[in-house]
$ cat structure-v7.pdb   # PDB, C-alpha atoms
MODEL        1
ATOM      1  CA  ASP A  20       3.922  28.176 -18.497  1.00  0.00           C
ATOM      2  CA  ALA A  21       2.613  25.689 -21.031  1.00  0.00           C
ATOM      3  CA  GLY A  22       1.587  22.348 -19.706  1.00  0.00           C
ATOM      4  CA  VAL A  23       2.068  19.041 -21.456  1.00  0.00           C
ATOM      5  CA  THR A  24       1.174  19.248 -25.130  1.00  0.00           C
ATOM      6  CA  GLN A  25       0.468  16.434 -27.555  1.00  0.00           C
ATOM      7  CA  SER A  26       0.007  16.238 -31.297  1.00  0.00           C
ATOM      8  CA  PRO A  27      -2.016  15.465 -33.238  1.00  0.00           C
ATOM      9  CA  THR A  28      -5.279  15.579 -31.306  1.00  0.00           C
ATOM     10  CA  HIS A  29      -6.971  13.021 -33.518  1.00  0.00           C
ATOM     11  CA  LEU A  30      -5.711  10.498 -36.054  1.00  0.00           C
ATOM     12  CA  ILE A  31      -7.286   7.903 -38.308  1.00  0.00           C
ATOM     13  CA  LYS A  32      -5.197   5.043 -39.702  1.00  0.00           C
ATOM     14  CA  THR A  33      -5.836   1.682 -41.316  1.00  0.00           C
ATOM     15  CA  ARG A  34      -4.654  -1.724 -40.177  1.00  0.00           C
ATOM     16  CA  GLY A  35      -1.011  -2.419 -40.897  1.00  0.00           C
ATOM     17  CA  GLN A  36       0.004   1.214 -41.036  1.00  0.00           C
ATOM     18  CA  GLN A  37       2.462   2.924 -38.739  1.00  0.00           C
ATOM     19  CA  VAL A  38       1.809   5.981 -36.567  1.00  0.00           C
ATOM     20  CA  THR A  39       3.932   8.504 -34.665  1.00  0.00           C
ATOM     21  CA  LEU A  40       2.557  10.539 -31.790  1.00  0.00           C
ATOM     22  CA  ARG A  41       4.368  13.471 -30.225  1.00  0.00           C
ATOM     23  CA  CYS A  42       4.619  14.941 -26.752  1.00  0.00           C
ATOM     24  CA  SER A  43       6.237  18.044 -25.290  1.00  0.00           C
ATOM     25  CA  PRO A  44       6.658  17.908 -21.526  1.00  0.00           C
ATOM     26  CA  LYS A  45       5.901  20.597 -19.020  1.00  0.00           C
ATOM     27  CA  SER A  46       8.730  23.075 -18.602  1.00  0.00           C
ATOM     28  CA  GLY A  47      11.349  21.786 -16.176  1.00  0.00           C
ATOM     29  CA  HIS A  48      10.301  18.145 -16.479  1.00  0.00           C
ATOM     30  CA  ASP A  49      12.777  15.532 -17.662  1.00  0.00           C
ATOM     31  CA  THR A  50      10.729  12.333 -17.645  1.00  0.00           C
ATOM     32  CA  VAL A  51       8.013  11.348 -20.112  1.00  0.00           C
ATOM     33  CA  SER A  52       5.653   8.416 -19.735  1.00  0.00           C
ATOM     34  CA  TRP A  53       3.158   7.101 -22.274  1.00  0.00           C
ATOM     35  CA  TYR A  54      -0.177   5.458 -21.575  1.00  0.00           C
ATOM     36  CA  GLN A  55      -2.908   3.809 -23.604  1.00  0.00           C
ATOM     37  CA  GLN A  56      -6.474   4.431 -22.443  1.00  0.00           C
ATOM     38  CA  ALA A  57      -9.132   2.298 -24.069  1.00  0.00           C
ATOM     39  CA  LEU A  58     -12.695   3.567 -23.978  1.00  0.00           C
ATOM     40  CA  GLY A  59     -14.151   3.234 -20.488  1.00  0.00           C
ATOM     41  CA  GLN A  60     -10.894   1.964 -18.999  1.00  0.00           C
ATOM     42  CA  GLY A  61      -8.072   3.360 -16.942  1.00  0.00           C
ATOM     43  CA  PRO A  62      -4.757   4.282 -18.537  1.00  0.00           C
ATOM     44  CA  GLN A  63      -2.333   1.407 -19.102  1.00  0.00           C
ATOM     45  CA  PHE A  64       1.374   2.176 -18.752  1.00  0.00           C
ATOM     46  CA  ILE A  65       3.311   1.673 -22.006  1.00  0.00           C
ATOM     47  CA  PHE A  66       6.786   2.944 -21.157  1.00  0.00           C
ATOM     48  CA  GLN A  67       8.796   5.737 -19.578  1.00  0.00           C
ATOM     49  CA  TYR A  68      11.699   7.739 -20.976  1.00  0.00           C
ATOM     50  CA  TYR A  69      14.368   9.461 -18.956  1.00  0.00           C
ATOM     51  CA  GLU A  70      17.730  10.754 -20.186  1.00  0.00           C
ATOM     52  CA  GLU A  71      16.777   9.681 -23.710  1.00  0.00           C
ATOM     53  CA  GLU A  72      16.473   6.017 -22.743  1.00  0.00           C
ATOM     54  CA  GLU A  73      13.559   3.712 -22.074  1.00  0.00           C
ATOM     55  CA  ARG A  74      13.673   3.095 -18.337  1.00  0.00           C
ATOM     56  CA  GLN A  75      10.496   1.174 -17.621  1.00  0.00           C
ATOM     57  CA  ARG A  76       8.078  -0.744 -19.806  1.00  0.00           C
ATOM     58  CA  GLY A  77       4.607  -2.125 -19.332  1.00  0.00           C
ATOM     59  CA  ASN A  78       3.092  -5.189 -20.981  1.00  0.00           C
ATOM     60  CA  PHE A  79       3.055  -3.934 -24.538  1.00  0.00           C
ATOM     61  CA  PRO A  80       4.559  -5.661 -27.592  1.00  0.00           C
ATOM     62  CA  ASP A  81       7.624  -4.475 -29.440  1.00  0.00           C
ATOM     63  CA  ARG A  82       5.374  -2.844 -32.030  1.00  0.00           C
ATOM     64  CA  PHE A  83       5.249  -0.004 -29.526  1.00  0.00           C
ATOM     65  CA  SER A  84       8.471   1.946 -29.432  1.00  0.00           C
ATOM     66  CA  GLY A  85       9.522   5.412 -28.469  1.00  0.00           C
ATOM     67  CA  HIS A  86      12.169   8.025 -28.377  1.00  0.00           C
ATOM     68  CA  GLN A  87      13.138  10.955 -26.210  1.00  0.00           C
ATOM     69  CA  PHE A  88      15.023  13.922 -27.602  1.00  0.00           C
ATOM     70  CA  PRO A  89      17.633  16.107 -25.876  1.00  0.00           C
ATOM     71  CA  ASN A  90      14.962  18.755 -25.217  1.00  0.00           C
ATOM     72  CA  TYR A  91      12.987  16.058 -23.321  1.00  0.00           C
ATOM     73  CA  SER A  92      10.193  15.872 -25.900  1.00  0.00           C
ATOM     74  CA  SER A  93       9.153  12.385 -26.895  1.00  0.00           C
ATOM     75  CA  GLU A  94       7.591  10.310 -29.637  1.00  0.00           C
ATOM     76  CA  LEU A  95       5.533   7.145 -29.468  1.00  0.00           C
ATOM     77  CA  ASN A  96       5.645   4.917 -32.545  1.00  0.00           C
ATOM     78  CA  VAL A  97       3.280   2.060 -33.216  1.00  0.00           C
ATOM     79  CA  ASN A  98       3.965  -0.289 -36.137  1.00  0.00           C
ATOM     80  CA  ALA A  99       1.662  -2.742 -37.865  1.00  0.00           C
ATOM     81  CA  LEU A 100      -1.457  -1.187 -36.396  1.00  0.00           C
ATOM     82  CA  LEU A 101      -4.272  -3.430 -35.216  1.00  0.00           C
ATOM     83  CA  LEU A 102      -7.909  -2.544 -34.694  1.00  0.00           C
ATOM     84  CA  GLY A 103      -7.312  -3.041 -30.976  1.00  0.00           C
ATOM     85  CA  ASP A 104      -4.793  -0.215 -30.944  1.00  0.00           C
ATOM     86  CA  SER A 105      -7.673   2.263 -31.221  1.00  0.00           C
ATOM     87  CA  ALA A 106      -7.518   4.264 -27.996  1.00  0.00           C
ATOM     88  CA  LEU A 107      -6.630   7.560 -26.383  1.00  0.00           C
ATOM     89  CA  TYR A 108      -2.850   7.832 -26.012  1.00  0.00           C
ATOM     90  CA  LEU A 109      -1.768   9.934 -23.086  1.00  0.00           C
ATOM     91  CA  CYS A 110       1.592  11.455 -22.403  1.00  0.00           C
ATOM     92  CA  ALA A 111       2.602  12.455 -18.888  1.00  0.00           C
ATOM     93  CA  SER A 112       5.645  14.382 -17.768  1.00  0.00           C
ATOM     94  CA  SER A 113       7.320  14.556 -14.407  1.00  0.00           C
ATOM     95  CA  MET A 114      10.584  15.130 -12.638  1.00  0.00           C
ATOM     96  CA  ASP A 115      12.749  12.590 -10.916  1.00  0.00           C
ATOM     97  CA  ARG A 116      11.789   9.599 -13.059  1.00  0.00           C
ATOM     98  CA  GLY A 117       8.143   9.762 -12.125  1.00  0.00           C
ATOM     99  CA  ARG A 118       8.576   9.669  -8.377  1.00  0.00           C
ATOM    100  CA  GLU A 119       7.116  13.154  -8.387  1.00  0.00           C
ATOM    101  CA  THR A 120       3.618  13.981  -9.590  1.00  0.00           C
ATOM    102  CA  GLN A 121       2.890  13.252 -13.245  1.00  0.00           C
ATOM    103  CA  TYR A 122       1.135  15.888 -15.335  1.00  0.00           C
ATOM    104  CA  PHE A 123      -0.933  14.605 -18.234  1.00  0.00           C
ATOM    105  CA  GLY A 124      -1.485  16.021 -21.684  1.00  0.00           C
ATOM    106  CA  PRO A 125      -4.918  16.045 -23.358  1.00  0.00           C
ATOM    107  CA  GLY A 126      -4.104  12.940 -25.377  1.00  0.00           C
ATOM    108  CA  THR A 127      -4.184  11.818 -28.993  1.00  0.00           C
ATOM    109  CA  ARG A 128      -7.225   9.840 -30.040  1.00  0.00           C
ATOM    110  CA  LEU A 129      -6.226   7.150 -32.517  1.00  0.00           C
ATOM    111  CA  LEU A 130      -8.793   5.287 -34.580  1.00  0.00           C
ATOM    112  CA  VAL A 131      -7.635   2.255 -36.556  1.00  0.00           C
ATOM    113  CA  LEU A 132      -9.992   1.130 -39.326  1.00  0.00           C
TER     114      LEU A 132
ATOM    115  CA  GLY B   3       2.224  -7.778  -8.510  1.00  0.00           C
ATOM    116  CA  ASN B   4       0.837  -4.266  -8.416  1.00  0.00           C
ATOM    117  CA  SER B   5      -2.790  -3.435  -9.084  1.00  0.00           C
ATOM    118  CA  VAL B   6      -5.569  -1.031  -8.186  1.00  0.00           C
ATOM    119  CA  THR B   7      -9.224  -1.922  -7.758  1.00  0.00           C
ATOM    120  CA  GLN B   8     -11.915   0.712  -7.470  1.00  0.00           C
ATOM    121  CA  MET B   9     -15.656   0.544  -7.195  1.00  0.00           C
ATOM    122  CA  GLU B  10     -17.586   0.327 -10.408  1.00  0.00           C
ATOM    123  CA  GLY B  11     -19.770   3.172 -11.468  1.00  0.00           C
ATOM    124  CA  PRO B  12     -21.571   5.098 -12.387  1.00  0.00           C
ATOM    125  CA  VAL B  13     -22.251   6.708  -9.048  1.00  0.00           C
ATOM    126  CA  THR B  14     -25.196   9.092  -9.153  1.00  0.00           C
ATOM    127  CA  LEU B  15     -25.709  11.571  -6.312  1.00  0.00           C
ATOM    128  CA  SER B  16     -27.750  14.655  -5.662  1.00  0.00           C
ATOM    129  CA  GLU B  17     -25.979  17.948  -5.089  1.00  0.00           C
ATOM    130  CA  GLU B  18     -24.676  18.358  -1.512  1.00  0.00           C
ATOM    131  CA  ALA B  19     -24.668  14.588  -0.892  1.00  0.00           C
ATOM    132  CA  PHE B  20     -21.705  12.808   0.715  1.00  0.00           C
ATOM    133  CA  LEU B  21     -19.358  10.995  -1.652  1.00  0.00           C
ATOM    134  CA  THR B  22     -17.241   7.904  -1.102  1.00  0.00           C
ATOM    135  CA  ILE B  23     -15.412   6.123  -3.900  1.00  0.00           C
ATOM    136  CA  ASN B  24     -13.638   2.999  -2.701  1.00  0.00           C
ATOM    137  CA  CYS B  25     -10.133   2.108  -3.810  1.00  0.00           C
ATOM    138  CA  THR B  26      -7.957  -0.779  -2.715  1.00  0.00           C
ATOM    139  CA  TYR B  27      -4.523  -1.715  -3.927  1.00  0.00           C
ATOM    140  CA  THR B  28      -2.016  -4.515  -4.108  1.00  0.00           C
ATOM    141  CA  ALA B  29       1.644  -3.624  -4.111  1.00  0.00           C
ATOM    142  CA  THR B  30       5.040  -4.692  -2.930  1.00  0.00           C
ATOM    143  CA  GLY B  31       7.151  -2.182  -1.104  1.00  0.00           C
ATOM    144  CA  TYR B  32       5.927   1.317  -0.339  1.00  0.00           C
ATOM    145  CA  PRO B  33       3.909   2.834  -3.170  1.00  0.00           C
ATOM    146  CA  SER B  34       2.631   6.378  -3.392  1.00  0.00           C
ATOM    147  CA  LEU B  35      -1.104   6.692  -3.972  1.00  0.00           C
ATOM    148  CA  PHE B  36      -3.026   9.156  -6.113  1.00  0.00           C
ATOM    149  CA  TRP B  37      -6.474  10.197  -7.183  1.00  0.00           C
ATOM    150  CA  TYR B  38      -6.792  11.675 -10.653  1.00  0.00           C
ATOM    151  CA  VAL B  39      -9.912  13.225 -12.179  1.00  0.00           C
ATOM    152  CA  GLN B  40     -10.885  13.337 -15.840  1.00  0.00           C
ATOM    153  CA  TYR B  41     -13.539  15.843 -16.847  1.00  0.00           C
ATOM    154  CA  PRO B  42     -15.434  15.244 -20.094  1.00  0.00           C
ATOM    155  CA  GLY B  43     -13.202  15.824 -23.106  1.00  0.00           C
ATOM    156  CA  GLU B  44     -10.144  16.614 -21.020  1.00  0.00           C
ATOM    157  CA  GLY B  45      -6.972  14.895 -19.882  1.00  0.00           C
ATOM    158  CA  LEU B  46      -6.263  13.564 -16.408  1.00  0.00           C
ATOM    159  CA  GLN B  47      -5.650  16.036 -13.609  1.00  0.00           C
ATOM    160  CA  LEU B  48      -4.073  15.228 -10.280  1.00  0.00           C
ATOM    161  CA  LEU B  49      -6.644  15.627  -7.519  1.00  0.00           C
ATOM    162  CA  LEU B  50      -4.630  14.561  -4.482  1.00  0.00           C
ATOM    163  CA  LYS B  51      -1.865  12.252  -3.379  1.00  0.00           C
ATOM    164  CA  ALA B  52      -0.336  10.548  -0.337  1.00  0.00           C
ATOM    165  CA  THR B  53       3.178   9.208  -0.207  1.00  0.00           C
ATOM    166  CA  LYS B  54       3.243   7.137   2.978  1.00  0.00           C
ATOM    167  CA  ALA B  55       0.993   5.296   5.390  1.00  0.00           C
ATOM    168  CA  ASP B  56      -1.468   7.432   7.379  1.00  0.00           C
ATOM    169  CA  ASP B  57      -0.879  10.449   5.146  1.00  0.00           C
ATOM    170  CA  LYS B  58      -4.045  12.310   4.187  1.00  0.00           C
ATOM    171  CA  GLY B  59      -4.230  13.958   0.790  1.00  0.00           C
ATOM    172  CA  SER B  60      -6.738  16.742   0.289  1.00  0.00           C
ATOM    173  CA  ASN B  61      -7.769  19.197  -2.408  1.00  0.00           C
ATOM    174  CA  LYS B  62     -10.943  21.061  -3.418  1.00  0.00           C
ATOM    175  CA  GLY B  63     -12.874  19.494  -0.526  1.00  0.00           C
ATOM    176  CA  PHE B  64     -11.833  15.947  -1.473  1.00  0.00           C
ATOM    177  CA  GLU B  65      -9.865  13.805   0.980  1.00  0.00           C
ATOM    178  CA  ALA B  66      -8.258  10.370   1.005  1.00  0.00           C
ATOM    179  CA  THR B  67      -6.177   8.647   3.681  1.00  0.00           C
ATOM    180  CA  TYR B  68      -3.446   6.106   2.923  1.00  0.00           C
ATOM    181  CA  ARG B  69      -4.392   3.049   4.978  1.00  0.00           C
ATOM    182  CA  LYS B  70      -1.656   0.444   4.828  1.00  0.00           C
ATOM    183  CA  GLU B  71      -3.413  -1.981   7.174  1.00  0.00           C
ATOM    184  CA  THR B  72      -6.417  -2.211   4.854  1.00  0.00           C
ATOM    185  CA  THR B  73      -4.488  -1.381   1.643  1.00  0.00           C
ATOM    186  CA  SER B  74      -7.055   1.285   0.859  1.00  0.00           C
ATOM    187  CA  PHE B  75      -7.204   4.888  -0.322  1.00  0.00           C
ATOM    188  CA  HIS B  76     -10.890   5.777  -0.404  1.00  0.00           C
ATOM    189  CA  LEU B  77     -11.915   9.159  -1.830  1.00  0.00           C
ATOM    190  CA  GLU B  78     -14.428  11.239   0.140  1.00  0.00           C
ATOM    191  CA  LYS B  79     -16.146  14.589  -0.147  1.00  0.00           C
ATOM    192  CA  GLY B  80     -18.648  15.983   2.287  1.00  0.00           C
ATOM    193  CA  SER B  81     -20.841  17.861  -0.173  1.00  0.00           C
ATOM    194  CA  VAL B  82     -20.595  17.270  -3.914  1.00  0.00           C
ATOM    195  CA  GLN B  83     -21.445  19.817  -6.588  1.00  0.00           C
ATOM    196  CA  VAL B  84     -22.683  19.393 -10.140  1.00  0.00           C
ATOM    197  CA  SER B  85     -19.241  20.543 -11.288  1.00  0.00           C
ATOM    198  CA  ASP B  86     -17.698  17.453  -9.630  1.00  0.00           C
ATOM    199  CA  SER B  87     -19.258  15.248 -12.317  1.00  0.00           C
ATOM    200  CA  ALA B  88     -16.306  13.449 -13.895  1.00  0.00           C
ATOM    201  CA  VAL B  89     -14.450  10.132 -13.952  1.00  0.00           C
ATOM    202  CA  TYR B  90     -12.196   9.502 -10.962  1.00  0.00           C
ATOM    203  CA  PHE B  91      -9.143   7.245 -11.162  1.00  0.00           C
ATOM    204  CA  CYS B  92      -7.237   5.765  -8.259  1.00  0.00           C
ATOM    205  CA  ALA B  93      -3.585   5.071  -9.020  1.00  0.00           C
ATOM    206  CA  LEU B  94      -0.334   4.003  -7.449  1.00  0.00           C
ATOM    207  CA  ILE B  95       3.294   4.425  -8.379  1.00  0.00           C
ATOM    208  CA  ASN B  96       5.767   1.742  -7.410  1.00  0.00           C
ATOM    209  CA  PHE B  97       9.332   1.399  -8.683  1.00  0.00           C
ATOM    210  CA  ASN B  98       8.687   4.195 -11.200  1.00  0.00           C
ATOM    211  CA  LYS B  99       5.655   2.495 -12.771  1.00  0.00           C
ATOM    212  CA  PHE B 100       2.132   3.860 -12.573  1.00  0.00           C
ATOM    213  CA  TYR B 101      -0.874   1.576 -12.182  1.00  0.00           C
ATOM    214  CA  PHE B 102      -4.401   2.920 -12.612  1.00  0.00           C
ATOM    215  CA  GLY B 103      -7.775   1.594 -11.617  1.00  0.00           C
ATOM    216  CA  SER B 104     -10.506   1.346 -14.209  1.00  0.00           C
ATOM    217  CA  GLY B 105     -12.185   4.577 -13.130  1.00  0.00           C
ATOM    218  CA  THR B 106     -15.451   5.477 -11.438  1.00  0.00           C
ATOM    219  CA  LYS B 107     -17.848   7.818 -13.173  1.00  0.00           C
ATOM    220  CA  LEU B 108     -19.604  10.283 -10.882  1.00  0.00           C
ATOM    221  CA  ASN B 109     -22.813  11.995 -11.944  1.00  0.00           C
ATOM    222  CA  VAL B 110     -24.074  14.772  -9.678  1.00  0.00           C
ATOM    223  CA  LYS B 111     -27.632  15.962 -10.270  1.00  0.00           C
ATOM    224  CA  PRO B 112     -28.895  19.395  -9.263  1.00  0.00           C
TER     225      PRO B 112
ENDMDL
END
$ encode --input "structure-v7.pdb" --output "structure tokens"
Amino acid sequence: DAGVTQSPTHLIKTRGQQVTLRCSPKSGHDTVSWYQQALGQGPQFIFQYYEEEERQRGNFPDRFSGHQFPNYSSELNVNALLLGDSALYLCASSMDRGRETQYFGPGTRLLVL
Amino acid sequence: GNSVTQMEGPVTLSEEAFLTINCTYTATGYPSLFWYVQYPGEGLQLLLKATKADDKGSNKGFEATYRKETTSFHLEKGSVQVSDSAVYFCALINFNKFYFGSGTKLNVKP
């Protein structure tokens, strides 16, 4: 049984560009959450998707948006990239809207130059 | 609001030493509490969890007890190994949102 997978593993972009990150949840999971982890910090909650809708959102600007597909996979989109968006982006999947244990993917490391 | 505060690292111990990593939280309602571990170059892995007051989570020799009266969830292990070297994150979930502490790096020397 594959766990949570994310692609790509690494990405380099320049300021102002747009980026799309992808996540496939663990089999049987219907909820996907996204986190931003800056170097040396704990993950910060971006948003959560359940039943193809954004259900919860953290303190991130509208430049951060997402989508969940019928197969429960998800995308995170970031527009107008800033240098400060450089971080490890983690996807976590769970059942029952996150009330159950979340399982994390290995992350996508984004560098904005 | 909701937040998690954990002791700053790094924590450096010799093999077989006793480990405590302190974690306190602020939350409304009745959060569930977690410890996650992140090994070098890897994603976060659930270490243990507790869903209500006085519950004790345990796994791989690690333990933590949900203390509502002191709003704490301290991580302990009786005898650490070199392989326990990692970053440990305390976290809570409340109303379907996760909140993480800033992490505590543990270095265990042989």
$ closest_residue --input "structure-v7.pdb" --among "B:Ala66, B:Leu94, B:Leu15, B:Leu77" --to "chain A" --atoms "only C-alpha atoms"
B:Leu94
$ resolve_selection --input "structure-v7.pdb" --expression "the PyMOL selection byres ((chain A) within 8 of (chain B))" --output "ChimeraX atom specification"
/A:59-64,75,109,116-118,120-126
$ resolve_selection --input "structure-v7.pdb" --expression "the PyMOL selection byres ((chain A and resi 103) around 12)" --output "JSON, numbers by chain"
{"A": [33, 34, 35, 55, 56, 57, 58, 97, 99, 100, 101, 102, 104, 105, 106, 107, 129, 130, 131, 132]}
$ resolve_selection --input "structure-v7.pdb" --expression "the PyMOL selection byres ((chain A and resi 80-95) around 10)" --output "PyMOL selection string"
chain A and resi 23-26+37-54+65-73+76-79+96-100+108+110+112
$ residues_near_point --input "structure-v7.pdb" --point "(-2.9, 13.0, 2.8)" --cutoff "12 Å" --atoms "all atoms listed in the file" --output "PyMOL selection string"
chain B and resi 34-37+49-61+64-69+75-78
$ decode --input "structure-v7.pdb" --residues "region 15-27 of chain B" --atoms "N, CA, C and O atoms" --output "mmCIF file, in the first residue's frame"
data_model
loop_
_atom_site.group_PDB
_atom_site.id
_atom_site.type_symbol
_atom_site.label_atom_id
_atom_site.label_comp_id
_atom_site.auth_asym_id
_atom_site.auth_seq_id
_atom_site.Cartn_x
_atom_site.Cartn_y
_atom_site.Cartn_z
ATOM 1 N N LEU B 15 22.162 14.236 24.115
ATOM 2 C CA LEU B 15 22.226 13.223 25.167
ATOM 3 C C LEU B 15 23.176 12.106 24.755
ATOM 4 O O LEU B 15 23.408 11.885 23.560
ATOM 5 N N SER B 16 23.657 11.414 25.751
ATOM 6 C CA SER B 16 24.428 10.199 25.493
ATOM 7 C C SER B 16 23.473 9.023 25.378
ATOM 8 O O SER B 16 22.360 9.046 25.938
ATOM 9 N N GLU B 17 23.893 8.014 24.647
ATOM 10 C CA GLU B 17 23.068 6.814 24.492
ATOM 11 C C GLU B 17 22.702 6.251 25.862
ATOM 12 O O GLU B 17 23.504 6.282 26.792
ATOM 13 N N GLU B 18 21.461 5.791 25.987
ATOM 14 C CA GLU B 18 20.882 5.207 27.194
ATOM 15 C C GLU B 18 20.474 6.254 28.224
ATOM 16 O O GLU B 18 19.995 5.895 29.309
ATOM 17 N N ALA B 19 20.607 7.525 27.927
ATOM 18 C CA ALA B 19 20.149 8.569 28.853
ATOM 19 C C ALA B 19 18.632 8.681 28.796
ATOM 20 O O ALA B 19 17.981 8.218 27.852
ATOM 21 N N PHE B 20 18.061 9.346 29.819
ATOM 22 C CA PHE B 20 16.626 9.586 29.895
ATOM 23 C C PHE B 20 16.295 10.870 29.132
ATOM 24 O O PHE B 20 16.998 11.865 29.233
ATOM 25 N N LEU B 21 15.203 10.814 28.374
ATOM 26 C CA LEU B 21 14.804 11.947 27.550
ATOM 27 C C LEU B 21 13.487 12.536 28.031
ATOM 28 O O LEU B 21 12.525 11.793 28.305
ATOM 29 N N THR B 22 13.444 13.849 28.136
ATOM 30 C CA THR B 22 12.190 14.586 28.285
ATOM 31 C C THR B 22 12.219 15.767 27.331
ATOM 32 O O THR B 22 13.182 16.537 27.327
ATOM 33 N N ILE B 23 11.181 15.896 26.532
ATOM 34 C CA ILE B 23 10.985 17.082 25.705
ATOM 35 C C ILE B 23 9.650 17.686 26.123
ATOM 36 O O ILE B 23 8.607 17.049 26.007
ATOM 37 N N ASN B 24 9.706 18.912 26.610
ATOM 38 C CA ASN B 24 8.508 19.560 27.144
ATOM 39 C C ASN B 24 7.640 20.143 26.029
ATOM 40 O O ASN B 24 8.143 20.698 25.047
ATOM 41 N N CYS B 25 6.331 20.026 26.236
ATOM 42 C CA CYS B 25 5.368 20.586 25.302
ATOM 43 C C CYS B 25 4.178 21.085 26.101
ATOM 44 O O CYS B 25 3.625 20.345 26.926
ATOM 45 N N THR B 26 3.797 22.323 25.871
ATOM 46 C CA THR B 26 2.573 22.854 26.451
ATOM 47 C C THR B 26 1.716 23.422 25.337
ATOM 48 O O THR B 26 2.210 23.770 24.265
ATOM 49 N N TYR B 27 0.432 23.516 25.597
ATOM 50 C CA TYR B 27 -0.477 23.960 24.551
ATOM 51 C C TYR B 27 -1.506 24.936 25.080
ATOM 52 O O TYR B 27 -1.766 25.002 26.289
#
